[in-house]
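Colleague: Below is the file run_26.pdb, which contains PDB, C-alpha atoms and all ligand atoms.
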ATOM      1  CA  MET A   1      16.233   3.424  -0.832
ATOM      2  CA  ASN A   2      14.041   6.504  -0.922
ATOM      3  CA  ILE A   3      11.559   7.856  -3.448
ATOM      4  CA  THR A   4      10.775  11.552  -3.780
ATOM      5  CA  LEU A   5       7.031  12.087  -4.157
ATOM      6  CA  ASN A   6       5.457  14.645  -6.502
ATOM      7  CA  ASN A   7       5.244  17.169  -3.632
ATOM      8  CA  GLY A   8       8.917  16.806  -2.685
ATOM      9  CA  ILE A   9       8.328  14.602   0.366
ATOM     10  CA  VAL A  10      10.780  11.714   0.643
ATOM     11  CA  MET A  11       9.338   8.254   1.294
ATOM     12  CA  PRO A  12      11.217   4.996   1.930
ATOM     13  CA  ALA A  13      10.461   2.750  -1.070
ATOM     14  CA  ILE A  14       9.891  -0.367   1.068
ATOM     15  CA  GLY A  15       7.273  -0.400   3.785
ATOM     16  CA  LEU A  16       5.951  -3.169   6.003
ATOM     17  CA  GLY A  17       2.335  -4.065   5.160
ATOM     18  CA  VAL A  18       0.035  -5.165   7.983
ATOM     19  CA  PHE A  19      -3.204  -6.229   6.254
ATOM     20  CA  GLN A  20      -4.446  -9.425   7.954
ATOM     21  CA  THR A  21      -1.774  -9.073  10.627
ATOM     22  CA  PRO A  22      -3.747  -9.838  13.793
ATOM     23  CA  PRO A  23      -3.603  -7.022  16.376
ATOM     24  CA  GLU A  24      -1.917  -9.329  18.916
ATOM     25  CA  VAL A  25       1.117  -9.853  16.693
ATOM     26  CA  THR A  26       1.211  -6.445  15.000
ATOM     27  CA  THR A  27       3.308  -4.732  17.683
ATOM     28  CA  ASP A  28       6.006  -7.405  17.410
ATOM     29  CA  ALA A  29       5.973  -7.392  13.586
ATOM     30  CA  VAL A  30       6.337  -3.605  13.451
ATOM     31  CA  ALA A  31       9.062  -3.447  16.123
ATOM     32  CA  THR A  32      10.932  -6.266  14.334
ATOM     33  CA  ALA A  33      10.661  -4.466  11.003
ATOM     34  CA  VAL A  34      11.995  -1.212  12.428
ATOM     35  CA  ALA A  35      14.876  -3.089  14.091
ATOM     36  CA  THR A  36      15.584  -4.663  10.672
ATOM     37  CA  GLY A  37      15.818  -1.243   9.044
ATOM     38  CA  TYR A  38      12.306  -0.550   7.726
ATOM     39  CA  ARG A  39      11.311   3.088   8.127
ATOM     40  CA  HIS A  40       7.843   2.887   6.528
ATOM     41  CA  ILE A  41       4.691   1.101   7.716
ATOM     42  CA  ASP A  42       1.481   0.741   5.665
ATOM     43  CA  THR A  43      -1.697   0.220   7.682
ATOM     44  CA  ALA A  44      -5.372   1.203   7.306
ATOM     45  CA  ALA A  45      -8.286   2.118   9.523
ATOM     46  CA  ALA A  46     -10.017  -0.999   8.173
ATOM     47  CA  TYR A  47      -7.180  -3.302   9.316
ATOM     48  CA  ALA A  48      -8.115  -2.690  12.961
ATOM     49  CA  ASN A  49      -4.475  -2.629  14.063
ATOM     50  CA  GLU A  50      -3.464   1.052  13.968
ATOM     51  CA  ARG A  51      -3.175   1.108  17.765
ATOM     52  CA  GLU A  52      -0.704  -1.796  17.691
ATOM     53  CA  VAL A  53       1.247  -0.233  14.803
ATOM     54  CA  GLY A  54       1.739   2.853  16.985
ATOM     55  CA  GLU A  55       2.811   0.662  19.899
ATOM     56  CA  GLY A  56       5.313  -1.190  17.702
ATOM     57  CA  ILE A  57       6.860   2.092  16.564
ATOM     58  CA  ARG A  58       7.164   3.333  20.143
ATOM     59  CA  ARG A  59       8.602   0.006  21.281
ATOM     60  CA  SER A  60      11.231   0.116  18.504
ATOM     61  CA  GLY A  61      12.910   3.059  20.205
ATOM     62  CA  VAL A  62      13.307   4.848  16.863
ATOM     63  CA  ASP A  63      11.911   8.361  16.896
ATOM     64  CA  ARG A  64       8.480   8.746  15.288
ATOM     65  CA  SER A  65       9.861  11.449  12.996
ATOM     66  CA  GLU A  66      12.111   8.848  11.348
ATOM     67  CA  ILE A  67       9.236   6.514  10.464
ATOM     68  CA  PHE A  68       6.976   7.109   7.464
ATOM     69  CA  ILE A  69       3.458   6.246   8.638
ATOM     70  CA  GLU A  70       0.873   5.578   5.937
ATOM     71  CA  THR A  71      -2.778   4.787   6.643
ATOM     72  CA  LYS A  72      -6.071   4.712   4.760
ATOM     73  CA  VAL A  73      -9.577   6.077   5.206
ATOM     74  CA  TRP A  74     -12.286   3.425   4.849
ATOM     75  CA  ILE A  75     -15.302   4.099   2.556
ATOM     76  CA  SER A  76     -17.731   4.259   5.498
ATOM     77  CA  ASP A  77     -15.919   7.431   6.585
ATOM     78  CA  TYR A  78     -16.085   9.193   3.190
ATOM     79  CA  GLY A  79     -17.567  12.690   3.071
ATOM     80  CA  TYR A  80     -15.846  15.944   4.061
ATOM     81  CA  GLU A  81     -16.533  16.116   7.805
ATOM     82  CA  GLN A  82     -16.492  12.326   8.179
ATOM     83  CA  THR A  83     -13.029  12.081   6.627
ATOM     84  CA  LEU A  84     -11.652  14.877   8.798
ATOM     85  CA  HIS A  85     -12.946  12.856  11.735
ATOM     86  CA  ALA A  86     -11.456   9.631  10.299
ATOM     87  CA  PHE A  87      -8.063  11.361  10.393
ATOM     88  CA  GLU A  88      -8.604  12.198  14.088
ATOM     89  CA  LYS A  89      -9.523   8.562  14.819
ATOM     90  CA  SER A  90      -6.417   7.260  13.050
ATOM     91  CA  VAL A  91      -3.920   9.615  14.671
ATOM     92  CA  ALA A  92      -5.444   8.963  18.091
ATOM     93  CA  LYS A  93      -5.174   5.184  17.635
ATOM     94  CA  LEU A  94      -1.622   5.461  16.290
ATOM     95  CA  GLY A  95      -0.698   7.847  19.109
ATOM     96  CA  VAL A  96       0.816  10.437  16.764
ATOM     97  CA  ASP A  97      -0.081  14.007  15.878
ATOM     98  CA  TYR A  98       0.533  13.920  12.124
ATOM     99  CA  LEU A  99       0.597  11.335   9.346
ATOM    100  CA  ASP A 100       3.155  10.997   6.591
ATOM    101  CA  MET A 101       0.641   9.672   4.050
ATOM    102  CA  LEU A 102      -3.137   9.437   4.174
ATOM    103  CA  ILE A 103      -4.924   7.777   1.259
ATOM    104  CA  LEU A 104      -8.464   6.876   0.232
ATOM    105  CA  HIS A 105      -8.698   3.067   0.477
ATOM    106  CA  GLN A 106     -11.044   2.597  -2.497
ATOM    107  CA  PRO A 107     -12.926   4.672  -5.039
ATOM    108  CA  LEU A 108     -16.646   4.610  -4.296
ATOM    109  CA  SER A 109     -17.994   4.589  -7.839
ATOM    110  CA  THR A 110     -21.625   4.472  -6.776
ATOM    111  CA  ALA A 111     -21.198   7.538  -4.539
ATOM    112  CA  PHE A 112     -18.347   9.363  -6.185
ATOM    113  CA  ASP A 113     -19.441  12.686  -4.680
ATOM    114  CA  LYS A 114     -18.525  11.238  -1.293
ATOM    115  CA  THR A 115     -15.141  10.155  -2.677
ATOM    116  CA  ILE A 116     -14.538  13.716  -3.895
ATOM    117  CA  ALA A 117     -15.571  15.209  -0.552
ATOM    118  CA  ALA A 118     -13.273  12.741   1.244
ATOM    119  CA  TYR A 119     -10.366  13.751  -0.968
ATOM    120  CA  GLN A 120     -11.125  17.438  -0.376
ATOM    121  CA  ALA A 121     -10.794  16.711   3.340
ATOM    122  CA  LEU A 122      -7.371  15.176   2.649
ATOM    123  CA  GLU A 123      -6.437  18.349   0.763
ATOM    124  CA  GLN A 124      -7.492  20.401   3.778
ATOM    125  CA  LEU A 125      -5.390  18.222   6.123
ATOM    126  CA  LEU A 126      -2.451  18.661   3.756
ATOM    127  CA  THR A 127      -2.873  22.449   3.810
ATOM    128  CA  GLU A 128      -2.973  22.396   7.603
ATOM    129  CA  GLY A 129       0.197  20.284   7.779
ATOM    130  CA  ARG A 130      -1.541  17.424   9.586
ATOM    131  CA  VAL A 131      -0.527  15.055   6.766
ATOM    132  CA  ARG A 132       2.641  15.341   4.675
ATOM    133  CA  ALA A 133       1.240  13.696   1.534
ATOM    134  CA  ILE A 134      -2.102  12.387   0.276
ATOM    135  CA  GLY A 135      -3.126   9.777  -2.243
ATOM    136  CA  VAL A 136      -5.501   7.068  -3.352
ATOM    137  CA  SER A 137      -5.727   3.304  -3.623
ATOM    138  CA  ASN A 138      -7.392   0.998  -6.125
ATOM    139  CA  PHE A 139      -8.170   3.933  -8.418
ATOM    140  CA  MET A 140      -8.372   2.971 -12.075
ATOM    141  CA  PRO A 141      -7.452   5.670 -14.639
ATOM    142  CA  ASN A 142     -11.110   6.699 -15.036
ATOM    143  CA  HIS A 143     -11.420   7.234 -11.266
ATOM    144  CA  VAL A 144      -8.237   9.322 -11.213
ATOM    145  CA  GLU A 145      -9.537  11.385 -14.123
ATOM    146  CA  ALA A 146     -12.873  12.011 -12.383
ATOM    147  CA  LEU A 147     -11.031  12.980  -9.198
ATOM    148  CA  ARG A 148      -8.696  15.334 -11.056
ATOM    149  CA  GLU A 149     -11.679  17.191 -12.557
ATOM    150  CA  GLN A 150     -12.946  18.229  -9.144
ATOM    151  CA  THR A 151      -9.872  18.497  -6.907
ATOM    152  CA  GLN A 152      -6.584  20.411  -6.842
ATOM    153  CA  VAL A 153      -3.825  18.169  -5.528
ATOM    154  CA  VAL A 154      -2.485  15.388  -7.761
ATOM    155  CA  PRO A 155      -2.366  12.240  -5.587
ATOM    156  CA  ALA A 156       1.188  11.425  -4.492
ATOM    157  CA  VAL A 157       0.536   7.678  -4.722
ATOM    158  CA  ASN A 158      -1.951   5.230  -6.150
ATOM    159  CA  GLN A 159      -1.688   1.961  -4.216
ATOM    160  CA  ILE A 160      -2.857  -0.861  -6.472
ATOM    161  CA  GLU A 161      -2.722  -4.649  -6.694
ATOM    162  CA  LEU A 162       0.529  -5.343  -8.525
ATOM    163  CA  HIS A 163       2.545  -8.554  -8.725
ATOM    164  CA  PRO A 164       3.787 -10.626 -11.667
ATOM    165  CA  TYR A 165       0.390 -12.304 -12.175
ATOM    166  CA  PHE A 166      -1.523  -8.992 -12.257
ATOM    167  CA  SER A 167       0.690  -6.084 -13.175
ATOM    168  CA  GLN A 168      -1.810  -3.583 -14.618
ATOM    169  CA  PRO A 169       0.562  -1.995 -17.163
ATOM    170  CA  GLU A 170      -2.090   0.496 -18.276
ATOM    171  CA  VAL A 171      -2.609   1.728 -14.703
ATOM    172  CA  GLN A 172       1.156   1.930 -14.153
ATOM    173  CA  LYS A 173       1.401   4.094 -17.272
ATOM    174  CA  ALA A 174      -1.550   6.325 -16.390
ATOM    175  CA  ASN A 175      -0.067   6.932 -12.934
ATOM    176  CA  LYS A 176       3.349   7.729 -14.366
ATOM    177  CA  ASP A 177       1.921  10.154 -16.918
ATOM    178  CA  LEU A 178       0.393  12.189 -14.084
ATOM    179  CA  GLY A 179       3.419  11.995 -11.766
ATOM    180  CA  ILE A 180       1.612   9.645  -9.383
ATOM    181  CA  LEU A 181       3.822   7.026  -7.750
ATOM    182  CA  THR A 182       2.603   3.459  -8.198
ATOM    183  CA  GLN A 183       2.699   1.649  -4.880
ATOM    184  CA  ALA A 184       2.247  -2.112  -5.164
ATOM    185  CA  TRP A 185      -0.016  -3.996  -2.785
ATOM    186  CA  SER A 186       0.472  -7.758  -2.633
ATOM    187  CA  PRO A 187       3.857  -6.949  -4.209
ATOM    188  CA  ILE A 188       5.022 -10.565  -3.897
ATOM    189  CA  GLY A 189       1.637 -11.927  -4.927
ATOM    190  CA  GLY A 190       0.462 -12.826  -1.430
ATOM    191  CA  ILE A 191      -3.093 -12.636  -2.725
ATOM    192  CA  THR A 192      -2.373 -15.542  -5.101
ATOM    193  CA  SER A 193      -2.147 -17.841  -2.071
ATOM    194  CA  TYR A 194      -4.304 -16.116   0.609
ATOM    195  CA  ARG A 195      -6.600 -19.111   0.530
ATOM    196  CA  GLY A 196      -3.794 -21.638   0.758
ATOM    197  CA  ASP A 197      -3.860 -22.417  -2.971
ATOM    198  CA  HIS A 198      -0.082 -22.768  -3.225
ATOM    199  CA  ALA A 199      -0.206 -24.429  -6.645
ATOM    200  CA  ARG A 200      -1.256 -21.083  -8.142
ATOM    201  CA  SER A 201       1.016 -18.954  -6.041
ATOM    202  CA  THR A 202       3.637 -16.602  -7.453
ATOM    203  CA  PHE A 203       6.078 -18.077  -4.911
ATOM    204  CA  ASN A 204       6.051 -21.367  -6.871
ATOM    205  CA  ASP A 205       6.187 -19.898 -10.365
ATOM    206  CA  PRO A 206       8.901 -21.747 -12.367
ATOM    207  CA  ALA A 207      10.023 -18.640 -14.292
ATOM    208  CA  ILE A 208      10.362 -16.582 -11.105
ATOM    209  CA  LEU A 209      12.163 -19.436  -9.349
ATOM    210  CA  ALA A 210      14.552 -19.768 -12.298
ATOM    211  CA  ILE A 211      15.507 -16.076 -12.068
ATOM    212  CA  ALA A 212      15.813 -16.427  -8.300
ATOM    213  CA  GLY A 213      18.177 -19.356  -8.821
ATOM    214  CA  GLU A 214      20.357 -17.288 -11.162
ATOM    215  CA  HIS A 215      20.879 -14.716  -8.392
ATOM    216  CA  GLY A 216      20.893 -17.018  -5.385
ATOM    217  CA  LYS A 217      17.827 -15.133  -4.098
ATOM    218  CA  SER A 218      14.251 -16.107  -3.189
ATOM    219  CA  ALA A 219      11.182 -15.660  -5.395
ATOM    220  CA  ALA A 220       9.962 -12.907  -3.038
ATOM    221  CA  GLN A 221      13.245 -11.027  -3.351
ATOM    222  CA  VAL A 222      13.105 -11.229  -7.154
ATOM    223  CA  MET A 223       9.534  -9.882  -7.232
ATOM    224  CA  LEU A 224      10.427  -6.996  -4.918
ATOM    225  CA  ARG A 225      13.565  -6.198  -6.903
ATOM    226  CA  TRP A 226      11.508  -6.155 -10.124
ATOM    227  CA  GLN A 227       9.115  -3.616  -8.629
ATOM    228  CA  LEU A 228      11.886  -1.414  -7.261
ATOM    229  CA  GLN A 229      13.645  -1.389 -10.645
ATOM    230  CA  LEU A 230      10.314  -0.298 -12.182
ATOM    231  CA  GLY A 231      10.369   2.620  -9.745
ATOM    232  CA  HIS A 232       7.483   1.393  -7.579
ATOM    233  CA  SER A 233       7.065   1.497  -3.834
ATOM    234  CA  VAL A 234       6.415  -1.933  -2.251
ATOM    235  CA  ILE A 235       4.769  -2.864   1.027
ATOM    236  CA  PRO A 236       5.301  -6.611   1.583
ATOM    237  CA  LYS A 237       3.536  -8.100   4.602
ATOM    238  CA  SER A 238       4.979 -10.689   6.941
ATOM    239  CA  ILE A 239       4.684 -11.540  10.594
ATOM    240  CA  ARG A 240       7.814 -13.734  10.501
ATOM    241  CA  PRO A 241      11.143 -12.111  11.455
ATOM    242  CA  ASP A 242      13.058 -14.216   8.879
ATOM    243  CA  ARG A 243      10.771 -13.082   6.050
ATOM    244  CA  ILE A 244      10.628  -9.478   7.275
ATOM    245  CA  ALA A 245      14.432  -9.486   6.951
ATOM    246  CA  GLU A 246      14.405 -11.347   3.608
ATOM    247  CA  ASN A 247      11.971  -8.857   2.077
ATOM    248  CA  PHE A 248      14.240  -5.967   3.055
ATOM    249  CA  ASP A 249      17.390  -7.601   1.671
ATOM    250  CA  VAL A 250      16.836  -6.702  -1.974
ATOM    251  CA  PHE A 251      19.654  -4.298  -2.771
ATOM    252  CA  GLY A 252      22.697  -6.461  -3.455
ATOM    253  CA  PHE A 253      21.691  -7.608  -6.944
ATOM    254  CA  GLU A 254      20.219  -6.309 -10.190
ATOM    255  CA  LEU A 255      17.805  -7.939 -12.643
ATOM    256  CA  SER A 256      18.798  -7.794 -16.308
ATOM    257  CA  PRO A 257      16.478  -6.245 -18.930
ATOM    258  CA  GLU A 258      15.677  -9.804 -20.097
ATOM    259  CA  GLN A 259      14.729 -10.877 -16.580
ATOM    260  CA  MET A 260      12.578  -7.737 -16.198
ATOM    261  CA  SER A 261      10.777  -8.687 -19.437
ATOM    262  CA  VAL A 262      10.181 -12.247 -18.272
ATOM    263  CA  LEU A 263       8.552 -10.950 -15.085
ATOM    264  CA  ALA A 264       6.361  -8.531 -17.074
ATOM    265  CA  SER A 265       5.300 -11.375 -19.390
ATOM    266  CA  LEU A 266       3.758 -13.381 -16.532
ATOM    267  CA  ASP A 267       0.739 -11.020 -16.280
ATOM    268  CA  LYS A 268      -2.491 -13.045 -16.481
ATOM    269  CA  GLY A 269      -4.669  -9.932 -16.516
ATOM    270  CA  VAL A 270      -6.886 -11.337 -13.760
ATOM    271  CA  ARG A 271      -7.092  -9.488 -10.461
ATOM    272  CA  GLY A 272      -6.986 -11.322  -7.145
ATOM    273  CA  GLY A 273      -8.797  -8.585  -5.235
ATOM    274  CA  PRO A 274     -12.291  -7.203  -5.829
ATOM    275  CA  ASP A 275     -13.042  -5.092  -8.882
ATOM    276  CA  PRO A 276     -12.827  -1.503  -7.584
ATOM    277  CA  ASP A 277     -16.211  -0.768  -9.199
ATOM    278  CA  SER A 278     -17.812  -3.503  -7.067
ATOM    279  CA  ILE A 279     -16.966  -1.663  -3.843
ATOM    280  CA  THR A 280     -20.212  -0.213  -2.487
ATOM    281  CA  LEU A 281     -21.263   1.003   0.946
ATOM    282  CA  GLU A 282     -23.993  -1.647   0.957
ATOM    283  CA  ALA A 283     -21.595  -4.522   0.338
ATOM    284  CA  PHE A 284     -18.411  -3.308   2.044
ATOM    285  CA  GLY A 285     -19.481  -0.590   4.503
ATOM    286  CA  ARG A 286     -18.555  -1.167   8.125
ATOM    287  CA  ASP A 287     -18.187   0.957  11.167
ATOM    288  CA  ILE A 288     -14.674   2.136  11.991
ATOM    289  CA  PRO A 289     -14.639   2.456  15.783
ATOM    290  CA  GLU A 290     -13.771   5.639  17.635
ATOM    291  CA  ALA A 291     -10.273   5.771  19.125
TER     292      ALA A 291
HETATM  293  P1  LIG B 301       2.130  -9.782   0.057
HETATM  294  O1  LIG B 301       2.411  -9.867  -1.389
HETATM  295  O2  LIG B 301       2.887  -8.821   0.873
HETATM  296  O3  LIG B 301       2.293 -11.263   0.656
HETATM  297  C1  LIG B 301       2.067 -11.538   2.001
HETATM  298  C2  LIG B 301       1.920 -13.040   2.180
HETATM  299  O4  LIG B 301       3.117 -13.712   1.796
HETATM  300  C3  LIG B 301       1.662 -13.440   3.597
HETATM  301  O5  LIG B 301       0.859 -14.609   3.570
HETATM  302  C4  LIG B 301       3.055 -13.752   4.150
HETATM  303  O6  LIG B 301       2.940 -14.707   5.178
HETATM  304  C5  LIG B 301       3.750 -14.311   2.930
HETATM  305  N1  LIG B 301       5.168 -13.913   2.823
HETATM  306  C6  LIG B 301       5.734 -12.744   3.175
HETATM  307  N2  LIG B 301       7.032 -12.720   2.875
HETATM  308  C7  LIG B 301       7.310 -13.917   2.299
HETATM  309  C8  LIG B 301       8.498 -14.488   1.783
HETATM  310  N3  LIG B 301       9.638 -13.803   1.782
HETATM  311  N4  LIG B 301       8.420 -15.748   1.282
HETATM  312  C9  LIG B 301       7.256 -16.442   1.275
HETATM  313  N5  LIG B 301       6.094 -15.942   1.755
HETATM  314  C10 LIG B 301       6.127 -14.680   2.265
HETATM  315  O7  LIG B 301       0.561  -9.580   0.179
HETATM  316  P2  LIG B 301      -0.461  -8.647   0.967
HETATM  317  O8  LIG B 301      -1.738  -8.883   0.315
HETATM  318  O9  LIG B 301      -0.354  -8.813   2.417
HETATM  319  O10 LIG B 301      -0.025  -7.163   0.578
HETATM  320  C11 LIG B 301       0.949  -6.434   1.283
HETATM  321  C12 LIG B 301       0.373  -5.195   1.892
HETATM  322  O11 LIG B 301      -0.309  -4.425   0.912
HETATM  323  C13 LIG B 301      -0.721  -5.453   2.938
HETATM  324  O12 LIG B 301      -0.216  -5.930   4.149
HETATM  325  C14 LIG B 301      -1.351  -4.097   3.002
HETATM  326  O13 LIG B 301      -0.537  -3.206   3.757
HETATM  327  C15 LIG B 301      -1.375  -3.714   1.537
HETATM  328  N6  LIG B 301      -2.661  -4.091   0.879
HETATM  329  C16 LIG B 301      -3.453  -3.068   0.444
HETATM  330  C17 LIG B 301      -4.650  -3.317  -0.180
HETATM  331  C18 LIG B 301      -5.470  -2.181  -0.654
HETATM  332  O14 LIG B 301      -6.638  -2.390  -1.039
HETATM  333  N7  LIG B 301      -4.962  -0.975  -0.668
HETATM  334  C19 LIG B 301      -5.146  -4.687  -0.377
HETATM  335  C20 LIG B 301      -4.220  -5.710   0.091
HETATM  336  C21 LIG B 301      -3.015  -5.393   0.667
HETATM  337  P3  LIG B 301       3.629 -14.501   6.656
HETATM  338  O15 LIG B 301       3.067 -13.255   7.240
HETATM  339  O16 LIG B 301       3.221 -15.733   7.378
HETATM  340  O17 LIG B 301       5.111 -14.415   6.391
END
Would it be possible to restate this file's structure as structure tokens?
Ligand code: NDP

Modeller:
Amino acid sequence: MNITLNNGIVMPAIGLGVFQTPPEVTTDAVATAVATGYRHIDTAAAYANEREVGEGIRRSGVDRSEIFIETKVWISDYGYEQTLHAFEKSVAKLGVDYLDMLILHQPLSTAFDKTIAAYQALEQLLTEGRVRAIGVSNFMPNHVEALREQTQVVPAVNQIELHPYFSQPEVQKANKDLGILTQAWSPIGGITSYRGDHARSTFNDPAILAIAGEHGKSAAQVMLRWQLQLGHSVIPKSIRPDRIAENFDVFGFELSPEQMSVLASLDKGVRGGPDPDSITLEAFGRDIPEA
């Protein structure tokens, strides 16, 4: 299933996420995903596994041009020249000469001028054809508005935390109103059990499991199907071949409007990740190595 972005570029709706995928298993996870049928990988400079993502794509035997490669610029590389250089670091590590999607990983509220300059560098890369689409991540509507006041290109995506326990309906709406695609991170609520707290995990939610039972599907498949029916892109992460396959097998069934409403009603309004306004260079800055 493909989604056409606001600049006409076509992106596969499902991508493999690789946050917290250790470099030593990333190549296998990516090659397995491509063999399964995935044609989109979501990584980031800050994940320290771009090199292995590139290796996995090469090992898959599928031509690079058929894979949608998305990566992110970390805040320590914000600023016009710094972000142009961050692009060079990422493509060199990935072993490619262009990117399909390059996004800003976080808004930097305390140094928004640097965020603007970083985005202007993305616009320049877009003009030069080095990237096919550009976007943002973790931008709340006020950040998008501030960005729009000083830049030209409407972001193609806004990648935000989005699962049944934190579905940010107001951010979904703000994105939609501007023609920005909502891309869900932690789309199956992985963040609700990162720390092994399975009692609070979306995977064990009785309402989700009940819907899963009605379709003979897993909780993960129901959550992904919900997002796809909402028109979102999803980037579930797994290092296990069985789950990589399960998360891609979400097309043979359809959730009813009632089931969609049940999933929307599970929102607790409490984010699992950090508040985007708490992201500062002092607290989260770290050096992204040269290629
Ligand atoms: P996900 O919602 O994708 O969940 C991943 C977790 O669930 C892992 O622990 C995985 O374990 C497990 N899992 C995967 N598939 C299944 C399944 N079918 N059944 C049961 N458990 C499963 O969470 P993430 O936080 O990893 O988010 C996905 C991607 O989003 C990231 O990899 C990254 O690309 C992106 N992201 C972006 C952020 C941003 O700030 N822009 C922040 C966080 C994530 P295992 O690997 O062992 O299968």

Colleague: Can you work out which one of A:Phe68, A:Tyr194, A:Phe112, A:Tyr119 has the shortest atom-to-atom distance to A:Leu84, counting only C-alpha atoms?

Modeller: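 Going through A:Phe68, A:Tyr194, A:Phe112, A:Tyr119 one by one, the smallest distance to A:Leu84 is for A:Tyr119.
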
Colleague: Here is a test: counting only C-alpha atoms, which residue of A:Asn142, A:Asp42, A:Val234, A:Leu162 is nearest to A:Ser109?

Modeller: A:Asn142

Colleague: Sorted by chain and rising residue number, which residues of chain A lie within 6 Å of ligand LIG 301 (chain B), and what are their closest atom pairs and distances in Å to one decimal, counting all atoms listed in the file, as JSON lines?

Modeller:
{"residue": "A:Gly17", "atom": "CA", "partner": "B:LIG301", "partner_atom": "O13", "distance": 3.3}
{"residue": "A:Val18", "atom": "CA", "partner": "B:LIG301", "partner_atom": "O12", "distance": 3.9}
{"residue": "A:Phe19", "atom": "CA", "partner": "B:LIG301", "partner_atom": "O12", "distance": 3.7}
{"residue": "A:Asp42", "atom": "CA", "partner": "B:LIG301", "partner_atom": "O13", "distance": 4.8}
{"residue": "A:Thr43", "atom": "CA", "partner": "B:LIG301", "partner_atom": "O13", "distance": 5.3}
{"residue": "A:His105", "atom": "CA", "partner": "B:LIG301", "partner_atom": "N7", "distance": 5.6}
{"residue": "A:Ser137", "atom": "CA", "partner": "B:LIG301", "partner_atom": "N7", "distance": 5.3}
{"residue": "A:Gln159", "atom": "CA", "partner": "B:LIG301", "partner_atom": "N7", "distance": 5.7}
{"residue": "A:Trp185", "atom": "CA", "partner": "B:LIG301", "partner_atom": "O11", "distance": 3.7}
{"residue": "A:Ser186", "atom": "CA", "partner": "B:LIG301", "partner_atom": "O1", "distance": 3.1}
{"residue": "A:Pro187", "atom": "CA", "partner": "B:LIG301", "partner_atom": "O1", "distance": 4.3}
{"residue": "A:Ile188", "atom": "CA", "partner": "B:LIG301", "partner_atom": "O1", "distance": 3.7}
{"residue": "A:Gly189", "atom": "CA", "partner": "B:LIG301", "partner_atom": "O1", "distance": 4.2}
{"residue": "A:Gly190", "atom": "CA", "partner": "B:LIG301", "partner_atom": "O3", "distance": 3.2}
{"residue": "A:Ile191", "atom": "CA", "partner": "B:LIG301", "partner_atom": "O8", "distance": 5.0}
{"residue": "A:Ala220", "atom": "CA", "partner": "B:LIG301", "partner_atom": "N3", "distance": 4.9}
{"residue": "A:Ile235", "atom": "CA", "partner": "B:LIG301", "partner_atom": "C12", "distance": 5.1}
{"residue": "A:Pro236", "atom": "CA", "partner": "B:LIG301", "partner_atom": "O2", "distance": 3.3}
{"residue": "A:Lys237", "atom": "CA", "partner": "B:LIG301", "partner_atom": "O2", "distance": 3.9}
{"residue": "A:Ser238", "atom": "CA", "partner": "B:LIG301", "partner_atom": "O15", "distance": 3.2}
{"residue": "A:Ile239", "atom": "CA", "partner": "B:LIG301", "partner_atom": "O15", "distance": 4.1}
{"residue": "A:Arg240", "atom": "CA", "partner": "B:LIG301", "partner_atom": "O17", "distance": 5.0}
{"residue": "A:Arg243", "atom": "CA", "partner": "B:LIG301", "partner_atom": "N3", "distance": 4.5}
{"residue": "A:Glu246", "atom": "CA", "partner": "B:LIG301", "partner_atom": "N3", "distance": 5.7}
{"residue": "A:Asn247", "atom": "CA", "partner": "B:LIG301", "partner_atom": "N3", "distance": 5.5}

Colleague: Give me the residues within 8 Å of stretch 27-29 of chain A as a ChimeraX atom specification, counting only C-alpha atoms and dropping any in the same chain fewer than 4 places off.

Modeller: /A:23,33,52-57,59,238-241

Colleague: One number please: atom CA of A:Val171 to atom CA of A:Pro141, in Å, one decimal.

Modeller: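 Atom CA of A:Pro141 lies at a distance of 6.2 Å from atom CA of A:Val171.
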
Colleague: Would you compute the distance between atom CA of A:Met140 and atom CA of A:Pro257? Give it in Å to one decimal.

Modeller: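 These two atoms are separated by 27.4 Å.
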
Colleague: From the options A:Asp205, A:Asp267, A:Asp287, A:Glu145, which residue's atoms come nearest to A:Ser218, counting all atoms listed in the file?

Modeller: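 The closest residue to A:Ser218 is A:Asp205.
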
Colleague: Might you pull out every residue within 12 Å of A:Asn175, with only C-alpha atoms counted and same-chain residues fewer than 6 positions away left off, and present them as an mmCIF file with C-alpha atoms, in the coordinates of the input?

Modeller:
data_model
loop_
_atom_site.group_PDB
_atom_site.id
_atom_site.type_symbol
_atom_site.label_atom_id
_atom_site.label_comp_id
_atom_site.auth_asym_id
_atom_site.auth_seq_id
_atom_site.Cartn_x
_atom_site.Cartn_y
_atom_site.Cartn_z
ATOM 1 C CA ASN A 6 5.457 14.645 -6.502
ATOM 2 C CA GLY A 135 -3.126 9.777 -2.243
ATOM 3 C CA VAL A 136 -5.501 7.068 -3.352
ATOM 4 C CA SER A 137 -5.727 3.304 -3.623
ATOM 5 C CA ASN A 138 -7.392 0.998 -6.125
ATOM 6 C CA PHE A 139 -8.170 3.933 -8.418
ATOM 7 C CA MET A 140 -8.372 2.971 -12.075
ATOM 8 C CA PRO A 141 -7.452 5.670 -14.639
ATOM 9 C CA ASN A 142 -11.110 6.699 -15.036
ATOM 10 C CA HIS A 143 -11.420 7.234 -11.266
ATOM 11 C CA VAL A 144 -8.237 9.322 -11.213
ATOM 12 C CA GLU A 145 -9.537 11.385 -14.123
ATOM 13 C CA VAL A 154 -2.485 15.388 -7.761
ATOM 14 C CA PRO A 155 -2.366 12.240 -5.587
ATOM 15 C CA ALA A 156 1.188 11.425 -4.492
ATOM 16 C CA VAL A 157 0.536 7.678 -4.722
ATOM 17 C CA ASN A 158 -1.951 5.230 -6.150
ATOM 18 C CA GLN A 159 -1.688 1.961 -4.216
ATOM 19 C CA ILE A 160 -2.857 -0.861 -6.472
ATOM 20 C CA GLN A 168 -1.810 -3.583 -14.618
ATOM 21 C CA PRO A 169 0.562 -1.995 -17.163
ATOM 22 C CA LEU A 181 3.822 7.026 -7.750
ATOM 23 C CA THR A 182 2.603 3.459 -8.198
ATOM 24 C CA GLN A 183 2.699 1.649 -4.880
ATOM 25 C CA GLY A 231 10.369 2.620 -9.745
ATOM 26 C CA HIS A 232 7.483 1.393 -7.579
#
